[in-house]
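A.B. asks: File follows, query_39.pdb with PDB, C-alpha atoms:
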ATOM      1  CA  MET A   1      59.826  60.672 101.847
ATOM      2  CA  SER A   2      63.152  60.047 100.130
ATOM      3  CA  ASP A   3      65.449  57.059  99.876
ATOM      4  CA  LYS A   4      68.476  59.346  99.442
ATOM      5  CA  ALA A   5      68.327  61.404 102.636
ATOM      6  CA  VAL A   6      71.142  61.581 105.205
ATOM      7  CA  LEU A   7      71.683  63.085 108.651
ATOM      8  CA  GLY A   8      74.812  65.057 109.508
ATOM      9  CA  ILE A   9      76.121  65.956 112.972
ATOM     10  CA  ASP A  10      79.015  68.199 114.060
ATOM     11  CA  THR A  11      79.917  69.090 117.654
ATOM     12  CA  SER A  12      82.864  71.419 117.194
ATOM     13  CA  ASN A  13      84.517  73.593 119.803
ATOM     14  CA  TYR A  14      81.989  76.430 119.624
ATOM     15  CA  THR A  15      78.907  75.237 117.708
ATOM     16  CA  THR A  16      76.439  72.365 118.025
ATOM     17  CA  SER A  17      74.962  71.606 114.608
ATOM     18  CA  CYS A  18      72.973  69.014 112.693
ATOM     19  CA  ALA A  19      71.703  68.846 109.120
ATOM     20  CA  TYR A  20      69.331  66.883 106.917
ATOM     21  CA  PHE A  21      70.398  66.522 103.275
ATOM     22  CA  ASP A  22      68.268  64.968 100.535
ATOM     23  CA  ALA A  23      70.646  64.023  97.734
ATOM     24  CA  GLN A  24      67.715  63.379  95.395
ATOM     25  CA  THR A  25      66.237  66.892  95.591
ATOM     26  CA  GLY A  26      69.255  68.822  96.894
ATOM     27  CA  GLN A  27      67.181  69.993  99.869
ATOM     28  CA  LEU A  28      69.264  70.963 102.904
ATOM     29  CA  ARG A  29      67.903  71.757 106.351
ATOM     30  CA  GLN A  30      70.169  72.580 109.248
ATOM     31  CA  ALA A  31      69.955  73.683 112.862
ATOM     32  CA  LYS A  32      72.840  75.069 114.891
ATOM     33  CA  LYS A  33      73.543  76.845 118.150
ATOM     34  CA  LEU A  34      76.671  78.470 119.554
ATOM     35  CA  LEU A  35      78.021  77.179 122.849
ATOM     36  CA  PRO A  36      77.592  79.744 125.644
ATOM     37  CA  VAL A  37      80.812  81.545 126.561
ATOM     38  CA  LYS A  38      80.994  83.839 129.596
ATOM     39  CA  SER A  39      81.417  87.516 128.794
ATOM     40  CA  GLY A  40      85.099  88.472 128.805
ATOM     41  CA  ASP A  41      86.328  84.904 128.303
ATOM     42  CA  LYS A  42      88.457  84.038 125.247
ATOM     43  CA  GLY A  43      87.258  80.447 124.899
ATOM     44  CA  ILE A  44      85.591  77.506 126.593
ATOM     45  CA  ARG A  45      86.892  74.507 128.531
ATOM     46  CA  GLN A  46      86.423  71.153 126.828
ATOM     47  CA  SER A  47      84.469  69.785 129.805
ATOM     48  CA  ASP A  48      82.007  72.664 129.475
ATOM     49  CA  ALA A  49      81.824  72.191 125.681
ATOM     50  CA  VAL A  50      80.957  68.496 126.116
ATOM     51  CA  PHE A  51      78.224  69.370 128.610
ATOM     52  CA  HIS A  52      76.617  72.043 126.421
ATOM     53  CA  HIS A  53      76.750  69.855 123.280
ATOM     54  CA  THR A  54      75.033  67.056 125.207
ATOM     55  CA  VAL A  55      72.250  69.435 126.241
ATOM     56  CA  GLN A  56      71.851  71.226 122.906
ATOM     57  CA  LEU A  57      72.100  68.417 120.331
ATOM     58  CA  PRO A  58      68.765  66.627 121.021
ATOM     59  CA  GLU A  59      66.912  69.953 120.865
ATOM     60  CA  LEU A  60      68.534  70.864 117.543
ATOM     61  CA  ILE A  61      67.857  67.470 115.945
ATOM     62  CA  GLY A  62      64.234  67.997 116.914
ATOM     63  CA  GLN A  63      64.253  71.306 115.030
ATOM     64  CA  LEU A  64      65.134  69.538 111.759
ATOM     65  CA  GLY A  65      61.610  68.135 111.469
ATOM     66  CA  GLU A  66      60.885  64.739 109.926
ATOM     67  CA  ILE A  67      64.094  62.708 109.489
ATOM     68  CA  SER A  68      62.786  59.138 109.681
ATOM     69  CA  ASP A  69      63.769  58.455 106.060
ATOM     70  CA  VAL A  70      67.544  58.821 106.463
ATOM     71  CA  CYS A  71      69.621  56.038 104.914
ATOM     72  CA  ALA A  72      72.971  57.080 106.426
ATOM     73  CA  VAL A  73      74.490  59.297 109.107
ATOM     74  CA  GLY A  74      77.644  61.400 108.809
ATOM     75  CA  VAL A  75      79.579  62.875 111.739
ATOM     76  CA  SER A  76      82.887  64.614 112.440
ATOM     77  CA  ASP A  77      85.051  62.735 114.931
ATOM     78  CA  ARG A  78      88.149  64.970 115.040
ATOM     79  CA  PRO A  79      89.272  68.429 113.928
ATOM     80  CA  SER A  80      91.478  67.470 110.959
ATOM     81  CA  CYS A  81      93.410  64.677 109.268
ATOM     82  CA  ARG A  82      96.669  65.702 110.942
ATOM     83  CA  GLU A  83      98.234  63.079 113.197
ATOM     84  CA  GLY A  84      97.150  63.464 116.818
ATOM     85  CA  SER A  85      94.172  65.657 115.938
ATOM     86  CA  TYR A  86      91.646  65.203 118.753
ATOM     87  CA  MET A  87      89.144  67.138 120.886
ATOM     88  CA  PRO A  88      86.763  65.592 123.429
ATOM     89  CA  CYS A  89      83.807  67.691 122.246
ATOM     90  CA  PHE A  90      83.528  65.600 119.060
ATOM     91  CA  LEU A  91      82.718  62.519 121.146
ATOM     92  CA  VAL A  92      79.228  63.918 121.793
ATOM     93  CA  GLY A  93      78.425  63.986 118.085
ATOM     94  CA  VAL A  94      79.951  60.568 117.440
ATOM     95  CA  SER A  95      77.929  58.985 120.232
ATOM     96  CA  ALA A  96      74.682  60.519 118.973
ATOM     97  CA  ALA A  97      75.425  59.615 115.342
ATOM     98  CA  ARG A  98      76.271  55.996 116.103
ATOM     99  CA  THR A  99      73.173  55.653 118.271
ATOM    100  CA  ALA A 100      70.935  57.105 115.550
ATOM    101  CA  ALA A 101      72.514  54.910 112.871
ATOM    102  CA  ALA A 102      72.185  51.763 114.976
ATOM    103  CA  ALA A 103      68.543  52.528 115.764
ATOM    104  CA  LYS A 104      67.803  52.985 112.071
ATOM    105  CA  GLY A 105      69.992  50.096 110.891
ATOM    106  CA  VAL A 106      71.931  52.380 108.542
ATOM    107  CA  PRO A 107      75.678  53.050 108.186
ATOM    108  CA  CYS A 108      77.474  55.772 110.135
ATOM    109  CA  PHE A 109      80.362  57.494 108.328
ATOM    110  CA  THR A 110      82.986  59.492 110.248
ATOM    111  CA  THR A 111      85.091  62.278 108.797
ATOM    112  CA  THR A 112      86.973  65.338 110.002
ATOM    113  CA  HIS A 113      85.525  68.703 110.917
ATOM    114  CA  GLN A 114      87.861  70.147 108.283
ATOM    115  CA  ILE A 115      86.566  67.986 105.424
ATOM    116  CA  GLY A 116      83.061  68.902 106.541
ATOM    117  CA  HIS A 117      83.937  72.573 106.104
ATOM    118  CA  ILE A 118      85.348  71.953 102.624
ATOM    119  CA  LEU A 119      82.321  69.996 101.407
ATOM    120  CA  ALA A 120      79.854  72.525 102.837
ATOM    121  CA  ALA A 121      81.708  75.345 101.100
ATOM    122  CA  LEU A 122      81.771  73.455  97.795
ATOM    123  CA  TYR A 123      78.038  72.753  98.086
ATOM    124  CA  SER A 124      77.331  76.404  98.859
ATOM    125  CA  ALA A 125      79.295  77.562  95.805
ATOM    126  CA  ASP A 126      77.798  74.826  93.577
ATOM    127  CA  ARG A 127      81.249  73.272  93.142
ATOM    128  CA  LEU A 128      80.744  69.695  94.395
ATOM    129  CA  GLY A 129      81.571  68.635  90.845
ATOM    130  CA  ARG A 130      85.228  69.228  91.679
ATOM    131  CA  VAL A 131      85.125  66.266  94.044
ATOM    132  CA  LYS A 132      82.930  64.090  91.815
ATOM    133  CA  ASN A 133      85.191  64.752  88.812
ATOM    134  CA  GLY A 134      88.445  64.192  90.709
ATOM    135  CA  GLU A 135      89.781  67.728  90.215
ATOM    136  CA  ARG A 136      92.683  69.197  92.169
ATOM    137  CA  PHE A 137      91.999  72.403  94.060
ATOM    138  CA  ILE A 138      93.233  74.415  97.015
ATOM    139  CA  SER A 139      90.989  74.984 100.016
ATOM    140  CA  PHE A 140      91.532  77.354 102.889
ATOM    141  CA  HIS A 141      90.163  76.452 106.313
ATOM    142  CA  VAL A 142      90.326  79.637 108.360
ATOM    143  CA  SER A 143      88.768  79.622 111.835
ATOM    144  CA  GLY A 144      89.504  80.062 115.529
ATOM    145  CA  GLY A 145      91.454  76.829 115.710
ATOM    146  CA  THR A 146      92.819  76.544 112.188
ATOM    147  CA  THR A 147      94.477  78.623 109.507
ATOM    148  CA  ASP A 148      95.412  75.985 106.951
ATOM    149  CA  VAL A 149      96.111  75.970 103.226
ATOM    150  CA  LEU A 150      95.036  72.545 101.953
ATOM    151  CA  LEU A 151      95.766  70.721  98.714
ATOM    152  CA  CYS A 152      92.694  68.668  97.833
ATOM    153  CA  GLU A 153      92.941  65.911  95.238
ATOM    154  CA  PRO A 154      91.440  62.500  94.426
ATOM    155  CA  SER A 155      92.551  59.466  96.409
ATOM    156  CA  ASP A 156      92.418  55.702  95.806
ATOM    157  CA  GLU A 157      91.554  55.087  99.472
ATOM    158  CA  GLU A 158      88.904  57.801  99.841
ATOM    159  CA  PHE A 159      87.110  60.113  97.461
ATOM    160  CA  LEU A 160      89.064  63.158  98.710
ATOM    161  CA  SER A 161      92.642  63.495  99.936
ATOM    162  CA  VAL A 162      93.411  66.615 101.971
ATOM    163  CA  ARG A 163      97.027  67.632 102.671
ATOM    164  CA  ARG A 164      98.203  70.731 104.508
ATOM    165  CA  ILE A 165     100.666  72.716 102.376
ATOM    166  CA  GLY A 166     100.796  75.946 104.353
ATOM    167  CA  GLY A 167      99.089  78.296 106.761
ATOM    168  CA  SER A 168      99.841  80.076 110.008
ATOM    169  CA  ASN A 169     102.740  78.772 112.066
ATOM    170  CA  ASP A 170     101.648  80.437 115.297
ATOM    171  CA  LEU A 171      98.418  82.287 116.146
ATOM    172  CA  LYS A 172      95.349  81.326 114.097
ATOM    173  CA  ALA A 173      93.292  83.945 112.267
ATOM    174  CA  GLY A 174      90.192  83.451 114.401
ATOM    175  CA  GLN A 175      92.282  83.664 117.564
ATOM    176  CA  ALA A 176      93.747  86.996 116.453
ATOM    177  CA  ILE A 177      90.244  88.315 115.717
ATOM    178  CA  ASP A 178      88.728  87.075 118.985
ATOM    179  CA  ARG A 179      91.616  88.308 121.136
ATOM    180  CA  CYS A 180      91.428  91.717 119.505
ATOM    181  CA  GLY A 181      87.655  91.758 119.992
ATOM    182  CA  VAL A 182      87.816  90.796 123.669
ATOM    183  CA  MET A 183      90.518  93.455 124.091
ATOM    184  CA  LEU A 184      88.004  95.982 122.724
ATOM    185  CA  GLY A 185      85.269  94.776 125.085
ATOM    186  CA  LEU A 186      83.305  92.682 122.572
ATOM    187  CA  ASP A 187      81.626  89.387 123.394
ATOM    188  CA  PHE A 188      83.312  86.138 122.326
ATOM    189  CA  PRO A 189      83.200  84.955 119.558
ATOM    190  CA  CYS A 190      83.887  88.441 118.253
ATOM    191  CA  GLY A 191      83.961  88.164 114.438
ATOM    192  CA  MET A 192      80.604  89.742 113.562
ATOM    193  CA  GLU A 193      80.861  92.573 116.094
ATOM    194  CA  LEU A 194      84.468  93.306 115.135
ATOM    195  CA  GLU A 195      83.510  93.514 111.456
ATOM    196  CA  ARG A 196      80.675  95.956 112.188
ATOM    197  CA  LEU A 197      83.086  98.104 114.180
ATOM    198  CA  ALA A 198      85.766  97.924 111.470
ATOM    199  CA  LEU A 199      83.356  98.963 108.710
ATOM    200  CA  SER A 200      82.699 102.232 110.533
ATOM    201  CA  CYS A 201      86.347 103.204 109.982
ATOM    202  CA  LYS A 202      87.559 104.488 106.602
ATOM    203  CA  GLU A 203      91.186 105.133 107.531
ATOM    204  CA  LYS A 204      93.928 103.462 105.502
ATOM    205  CA  VAL A 205      95.705 100.544 107.168
ATOM    206  CA  ASN A 206      99.352  99.764 106.529
ATOM    207  CA  TYR A 207     100.326  96.143 107.116
ATOM    208  CA  LYS A 208     102.826  93.850 105.424
ATOM    209  CA  PRO A 209     102.242  90.109 105.998
ATOM    210  CA  VAL A 210     105.037  88.159 107.676
ATOM    211  CA  MET A 211     105.714  85.298 105.256
ATOM    212  CA  LYS A 212     108.130  82.395 104.831
ATOM    213  CA  GLY A 213     107.205  80.309 101.779
ATOM    214  CA  CYS A 214     103.608  79.116 102.220
ATOM    215  CA  GLU A 215     103.659  79.835 105.960
ATOM    216  CA  CYS A 216     102.764  83.081 107.700
ATOM    217  CA  SER A 217     102.981  84.496 111.224
ATOM    218  CA  LEU A 218      99.902  86.134 112.738
ATOM    219  CA  SER A 219     101.048  86.684 116.336
ATOM    220  CA  GLY A 220     102.242  90.189 115.477
ATOM    221  CA  ILE A 221      98.657  91.233 114.707
ATOM    222  CA  GLU A 222      97.590  90.763 118.321
ATOM    223  CA  ASN A 223     100.697  92.572 119.574
ATOM    224  CA  LYS A 224     100.119  95.519 117.242
ATOM    225  CA  CYS A 225      96.443  95.764 118.227
ATOM    226  CA  ARG A 226      97.420  95.859 121.901
ATOM    227  CA  LYS A 227      99.988  98.596 121.230
ATOM    228  CA  LEU A 228      97.413 100.619 119.280
ATOM    229  CA  MET A 229      95.024 100.322 122.209
ATOM    230  CA  ASP A 230      97.708 101.308 124.723
ATOM    231  CA  ASP A 231      98.491 104.351 122.545
ATOM    232  CA  GLY A 232      94.841 105.424 122.602
ATOM    233  CA  ALA A 233      93.945 104.611 118.994
ATOM    234  CA  ASP A 234      90.297 104.673 117.945
ATOM    235  CA  ARG A 235      88.503 101.348 118.584
ATOM    236  CA  ALA A 236      87.142 101.219 115.029
ATOM    237  CA  PHE A 237      90.634 101.706 113.586
ATOM    238  CA  ILE A 238      92.004  98.888 115.760
ATOM    239  CA  ALA A 239      89.217  96.605 114.519
ATOM    240  CA  ARG A 240      89.896  97.549 110.906
ATOM    241  CA  PHE A 241      93.629  97.030 111.368
ATOM    242  CA  CYS A 242      93.055  93.529 112.749
ATOM    243  CA  LEU A 243      90.755  92.377 109.936
ATOM    244  CA  THR A 244      92.847  94.033 107.228
ATOM    245  CA  ALA A 245      96.007  92.353 108.532
ATOM    246  CA  VAL A 246      94.280  88.951 108.568
ATOM    247  CA  GLY A 247      92.894  89.499 105.058
ATOM    248  CA  ARG A 248      96.235  90.534 103.616
ATOM    249  CA  SER A 249      97.901  87.533 105.221
ATOM    250  CA  ILE A 250      95.356  85.160 103.651
ATOM    251  CA  ARG A 251      95.861  86.883 100.311
ATOM    252  CA  ALA A 252      99.654  86.434 100.623
ATOM    253  CA  LEU A 253      99.150  82.748 101.510
ATOM    254  CA  THR A 254      96.953  82.295  98.434
ATOM    255  CA  LYS A 255      99.535  83.871  96.141
ATOM    256  CA  ALA A 256     102.356  81.796  97.657
ATOM    257  CA  ALA A 257     100.423  78.515  97.318
ATOM    258  CA  LEU A 258      99.481  79.166  93.691
ATOM    259  CA  ALA A 259     103.074  80.099  92.868
ATOM    260  CA  GLU A 260     104.362  76.909  94.519
ATOM    261  CA  TYR A 261     101.759  74.393  93.278
ATOM    262  CA  GLY A 262     100.515  75.948  90.042
ATOM    263  CA  ALA A 263      97.283  77.583  88.973
ATOM    264  CA  MET A 264      94.130  75.815  90.189
ATOM    265  CA  PRO A 265      90.764  76.716  91.737
ATOM    266  CA  VAL A 266      90.715  78.067  95.301
ATOM    267  CA  MET A 267      87.883  77.510  97.808
ATOM    268  CA  TYR A 268      87.688  79.572 101.002
ATOM    269  CA  ALA A 269      86.022  77.895 103.996
ATOM    270  CA  GLY A 270      85.819  78.409 107.747
ATOM    271  CA  GLY A 271      84.126  80.928 110.003
ATOM    272  CA  VAL A 272      86.643  83.724 109.401
ATOM    273  CA  MET A 273      85.845  83.626 105.688
ATOM    274  CA  SER A 274      82.269  84.738 106.378
ATOM    275  CA  ASP A 275      83.766  88.172 107.094
ATOM    276  CA  LYS A 276      82.926  90.334 104.053
ATOM    277  CA  LEU A 277      85.789  92.769 104.625
ATOM    278  CA  ILE A 278      88.305  89.905 104.462
ATOM    279  CA  ALA A 279      86.603  88.147 101.535
ATOM    280  CA  ASP A 280      86.539  91.357  99.496
ATOM    281  CA  MET A 281      90.359  91.481  99.625
ATOM    282  CA  LEU A 282      90.493  88.154  97.760
ATOM    283  CA  ARG A 283      87.776  88.365  95.114
ATOM    284  CA  ASP A 284      90.075  89.624  92.339
ATOM    285  CA  ILE A 285      92.201  86.444  92.522
ATOM    286  CA  PRO A 286      91.193  84.255  89.532
ATOM    287  CA  ASP A 287      89.062  81.124  90.015
ATOM    288  CA  THR A 288      88.177  81.675  93.669
ATOM    289  CA  ASP A 289      84.937  80.723  95.425
ATOM    290  CA  PHE A 290      83.390  81.582  98.785
ATOM    291  CA  ALA A 291      80.711  79.845 100.819
ATOM    292  CA  GLU A 292      77.609  81.644 102.027
ATOM    293  CA  PRO A 293      78.066  82.746 105.671
ATOM    294  CA  GLN A 294      75.797  79.993 107.062
ATOM    295  CA  LEU A 295      77.852  77.347 105.259
ATOM    296  CA  SER A 296      81.192  79.009 105.899
ATOM    297  CA  CYS A 297      80.876  78.986 109.698
ATOM    298  CA  ASP A 298      80.786  75.700 111.620
ATOM    299  CA  ASN A 299      77.951  73.505 110.362
ATOM    300  CA  ALA A 300      76.865  69.889 109.893
ATOM    301  CA  ALA A 301      75.977  70.260 106.222
ATOM    302  CA  GLY A 302      79.417  69.035 105.219
ATOM    303  CA  THR A 303      79.236  65.878 107.322
ATOM    304  CA  ALA A 304      75.818  65.092 105.796
ATOM    305  CA  ILE A 305      77.215  65.597 102.301
ATOM    306  CA  TYR A 306      80.176  63.380 103.221
ATOM    307  CA  ALA A 307      77.771  60.585 104.186
ATOM    308  CA  ALA A 308      75.932  61.075 100.882
ATOM    309  CA  PHE A 309      79.217  60.654  98.986
ATOM    310  CA  MET A 310      80.198  57.566 100.957
ATOM    311  CA  LYS A 311      76.742  56.062 100.379
ATOM    312  CA  GLY A 312      77.091  56.706  96.627
ATOM    313  CA  LEU A 313      74.162  59.131  96.516
ATOM    314  CA  VAL A 314      76.023  61.988  94.832
TER     315      VAL A 314
END
Let me see the structure of the file written as structure tokens.
C.D. replies:
Amino acid sequence: MSDKAVLGIDTSNYTTSCAYFDAQTGQLRQAKKLLPVKSGDKGIRQSDAVFHHTVQLPELIGQLGEISDVCAVGVSDRPSCREGSYMPCFLVGVSAARTAAAAKGVPCFTTTHQIGHILAALYSADRLGRVKNGERFISFHVSGGTTDVLLCEPSDEEFLSVRRIGGSNDLKAGQAIDRCGVMLGLDFPCGMELERLALSCKEKVNYKPVMKGCECSLSGIENKCRKLMDDGADRAFIARFCLTAVGRSIRALTKAALAEYGAMPVMYAGGVMSDKLIADMLRDIPDTDFAEPQLSCDNAAGTAIYAAFMKGLV
């Protein structure tokens, strides 16, 4: 038993997840499950997401094992800190978290799905000290719904201030990957299958990112992939083109942000960053860190760590 254990919950658009974090020992247990998406579909309706989260969350919390010692609960209640950020699927997690906290008589702390991603990535890379020490750093959040470059710095109101300073101004990286994958007949979400297909191709890819300051455009990637398919290009080459184009765009965004805001550490988070082919295009940039795949994709570890920070446990 521990007096420094917390429960984290995250019900994002495609994954139900929960986590148990013991701030005293550093032990982290998590359970997660993708929402079912019909073959050939490119996404899921929010009403269906709410239903599946409601069904899956109790089962997953049960998989965590003994959690009776938690002294706080953390949960994501919206996608990001941007004004108007909202998705109904997060209500499932908030309801469960508040119920659990009330039953235990412990506080419930709400944060954004995005901050959860950042904290999970920092934990995975053993870089939580950046937050504790009030350091400035850049974090990328690259997923199906987000391709953001974020300036992270200390705040008087909260322990971490997150401000968007760049990213994609149209299609998101995960959307480009999933649309290309569905086009090639892969099951949604397509990231892992698309990467396996891409790695079987050794042909050189030519792609120049479309940039304007710290913003990029990714819509052309989908259009080019469709043209390649219409022209009869090899499926593996199309997959490699898509991932290479996304990787080069993220690299260009990194370079632009560092040029604009000065040299500082960079943390890559979000499901797209679990793609090894993309990550390998960025590893030569100084002072960069990557989360392990399980803590790069959607997870509740970050919301648990957030609750630990707010409780003063870390």
A.B. asks: Up to 12 Å from (85.6, 86.1, 123.7) in the file's coordinates: name the residues, counting only C-alpha atoms, as a PDB file with C-alpha atoms, keeping the file's coordinate frame.
C.D. replies:
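Result file follows (part_1.pdb):
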ATOM      1  CA  TYR A  14      81.989  76.430 119.624  1.00  0.00           C
ATOM      2  CA  LEU A  35      78.021  77.179 122.849  1.00  0.00           C
ATOM      3  CA  PRO A  36      77.592  79.744 125.644  1.00  0.00           C
ATOM      4  CA  VAL A  37      80.812  81.545 126.561  1.00  0.00           C
ATOM      5  CA  LYS A  38      80.994  83.839 129.596  1.00  0.00           C
ATOM      6  CA  SER A  39      81.417  87.516 128.794  1.00  0.00           C
ATOM      7  CA  GLY A  40      85.099  88.472 128.805  1.00  0.00           C
ATOM      8  CA  ASP A  41      86.328  84.904 128.303  1.00  0.00           C
ATOM      9  CA  LYS A  42      88.457  84.038 125.247  1.00  0.00           C
ATOM     10  CA  GLY A  43      87.258  80.447 124.899  1.00  0.00           C
ATOM     11  CA  ILE A  44      85.591  77.506 126.593  1.00  0.00           C
ATOM     12  CA  GLY A 144      89.504  80.062 115.529  1.00  0.00           C
ATOM     13  CA  GLY A 174      90.192  83.451 114.401  1.00  0.00           C
ATOM     14  CA  GLN A 175      92.282  83.664 117.564  1.00  0.00           C
ATOM     15  CA  ALA A 176      93.747  86.996 116.453  1.00  0.00           C
ATOM     16  CA  ILE A 177      90.244  88.315 115.717  1.00  0.00           C
ATOM     17  CA  ASP A 178      88.728  87.075 118.985  1.00  0.00           C
ATOM     18  CA  ARG A 179      91.616  88.308 121.136  1.00  0.00           C
ATOM     19  CA  CYS A 180      91.428  91.717 119.505  1.00  0.00           C
ATOM     20  CA  GLY A 181      87.655  91.758 119.992  1.00  0.00           C
ATOM     21  CA  VAL A 182      87.816  90.796 123.669  1.00  0.00           C
ATOM     22  CA  MET A 183      90.518  93.455 124.091  1.00  0.00           C
ATOM     23  CA  LEU A 184      88.004  95.982 122.724  1.00  0.00           C
ATOM     24  CA  GLY A 185      85.269  94.776 125.085  1.00  0.00           C
ATOM     25  CA  LEU A 186      83.305  92.682 122.572  1.00  0.00           C
ATOM     26  CA  ASP A 187      81.626  89.387 123.394  1.00  0.00           C
ATOM     27  CA  PHE A 188      83.312  86.138 122.326  1.00  0.00           C
ATOM     28  CA  PRO A 189      83.200  84.955 119.558  1.00  0.00           C
ATOM     29  CA  CYS A 190      83.887  88.441 118.253  1.00  0.00           C
ATOM     30  CA  GLY A 191      83.961  88.164 114.438  1.00  0.00           C
ATOM     31  CA  MET A 192      80.604  89.742 113.562  1.00  0.00           C
ATOM     32  CA  GLU A 193      80.861  92.573 116.094  1.00  0.00           C
ATOM     33  CA  LEU A 194      84.468  93.306 115.135  1.00  0.00           C
TER      34      LEU A 194
END
A.B. asks: Any chance you could work out the residue set of the PyMOL selection byres ((chain A and resi 294-300) around 10) here, as number ranges by chain?
C.D. replies: A: 7-21, 29-34, 74-76, 113-114, 116-125, 141-143, 268-275, 290-293, 301-306
A.B. asks: Around segment 287-297 of chain A, fit a box with edges along x, y and z, padding it by 4 Å on each side, then list its centre and edge lengths in Å to one decimal as AutoDock Vina command-line options.
C.D. replies:
--center_x 82.4 --center_y 80.0 --center_z 99.9 --size_x 21.3 --size_y 13.4 --size_z 27.7
A.B. asks: Given the file shown, determine the residues that the PyMOL selection byres ((chain A and resi 256) around 12) selects; report them as a ChimeraX atom specification.
C.D. replies: /A:138,149,165-167,209,211-216,249-255,257-263
A.B. asks: Given all atoms listed in the file as the basis, pick out the residue of A:Leu277, A:Val94, A:Ile238, A:Ile115 nearest to Glu195 of chain A.
C.D. replies: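 Checking each of A:Leu277, A:Val94, A:Ile238, A:Ile115 against Glu195 of chain A, counting all atoms listed in the file, the winner is A:Leu277.
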A.B. asks: Every residue with an atom at most 10 Å from (100.4, 78.2, 112.4) (file coordinates; only C-alpha atoms) is what I'm after, so could you write them as JSON, numbers by chain?
C.D. replies: {"A": [145, 146, 147, 148, 166, 167, 168, 169, 170, 171, 172, 173, 215, 216, 217, 218, 219]}
A.B. asks: Write the residues of the preceding selection, restricted to C-alpha atoms, as a tab-separated table (two decimals), in the coordinates of the input.
C.D. replies:
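Final output, saved to selection.tsv:
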chain	number	residue	atom	x	y	z
A	145	GLY	CA	91.45	76.83	115.71
A	146	THR	CA	92.82	76.54	112.19
A	147	THR	CA	94.48	78.62	109.51
A	148	ASP	CA	95.41	75.98	106.95
A	166	GLY	CA	100.80	75.95	104.35
A	167	GLY	CA	99.09	78.30	106.76
A	168	SER	CA	99.84	80.08	110.01
A	169	ASN	CA	102.74	78.77	112.07
A	170	ASP	CA	101.65	80.44	115.30
A	171	LEU	CA	98.42	82.29	116.15
A	172	LYS	CA	95.35	81.33	114.10
A	173	ALA	CA	93.29	83.94	112.27
A	215	GLU	CA	103.66	79.83	105.96
A	216	CYS	CA	102.76	83.08	107.70
A	217	SER	CA	102.98	84.50	111.22
A	218	LEU	CA	99.90	86.13	112.74
A	219	SER	CA	101.05	86.68	116.34
A.B. asks: One decimal, in Å: what's the spacing between atom CA of Phe137 of chain A and atom CA of Phe109 of chain A?
C.D. replies: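 Calculated distance between atom CA of Phe137 of chain A and atom CA of Phe109 of chain A is 23.7 Å.
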A.B. asks: Please evaluate the PyMOL selection byres ((chain A and resi 153) around 8) against the displayed coordinates and give the resulting residues as a short mmCIF file (atom, residue, chain, number, x, y, z; two decimals) with C-alpha atoms, in the frame of the given file.
C.D. replies:
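In the end it all went to selection_17.cif:
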data_model
loop_
_atom_site.label_atom_id
_atom_site.label_comp_id
_atom_site.auth_asym_id
_atom_site.auth_seq_id
_atom_site.Cartn_x
_atom_site.Cartn_y
_atom_site.Cartn_z
CA VAL A 131 85.12 66.27 94.04
CA GLY A 134 88.44 64.19 90.71
CA GLU A 135 89.78 67.73 90.22
CA ARG A 136 92.68 69.20 92.17
CA PHE A 137 92.00 72.40 94.06
CA LEU A 151 95.77 70.72 98.71
CA CYS A 152 92.69 68.67 97.83
CA PRO A 154 91.44 62.50 94.43
CA SER A 155 92.55 59.47 96.41
CA LEU A 160 89.06 63.16 98.71
CA SER A 161 92.64 63.50 99.94
CA VAL A 162 93.41 66.61 101.97
#
A.B. asks: Atom CA of Pro107 of chain A to atom CA of Val73 of chain A: how many Å, to one decimal?
C.D. replies: 6.4 Å
A.B. asks: Report the distance between atom CA of Lys104 of chain A and atom CA of Glu66 of chain A in Å, rounded to one decimal place.
C.D. replies: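 The value is 13.8 Å.
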A.B. asks: Counting all atoms listed in the file, what is within 9 Å of Met87 of chain A, bar same-chain residues fewer than 4 positions away, as a VMD selection string?
C.D. replies: chain A and resid 12 to 13 46 77 to 79 91
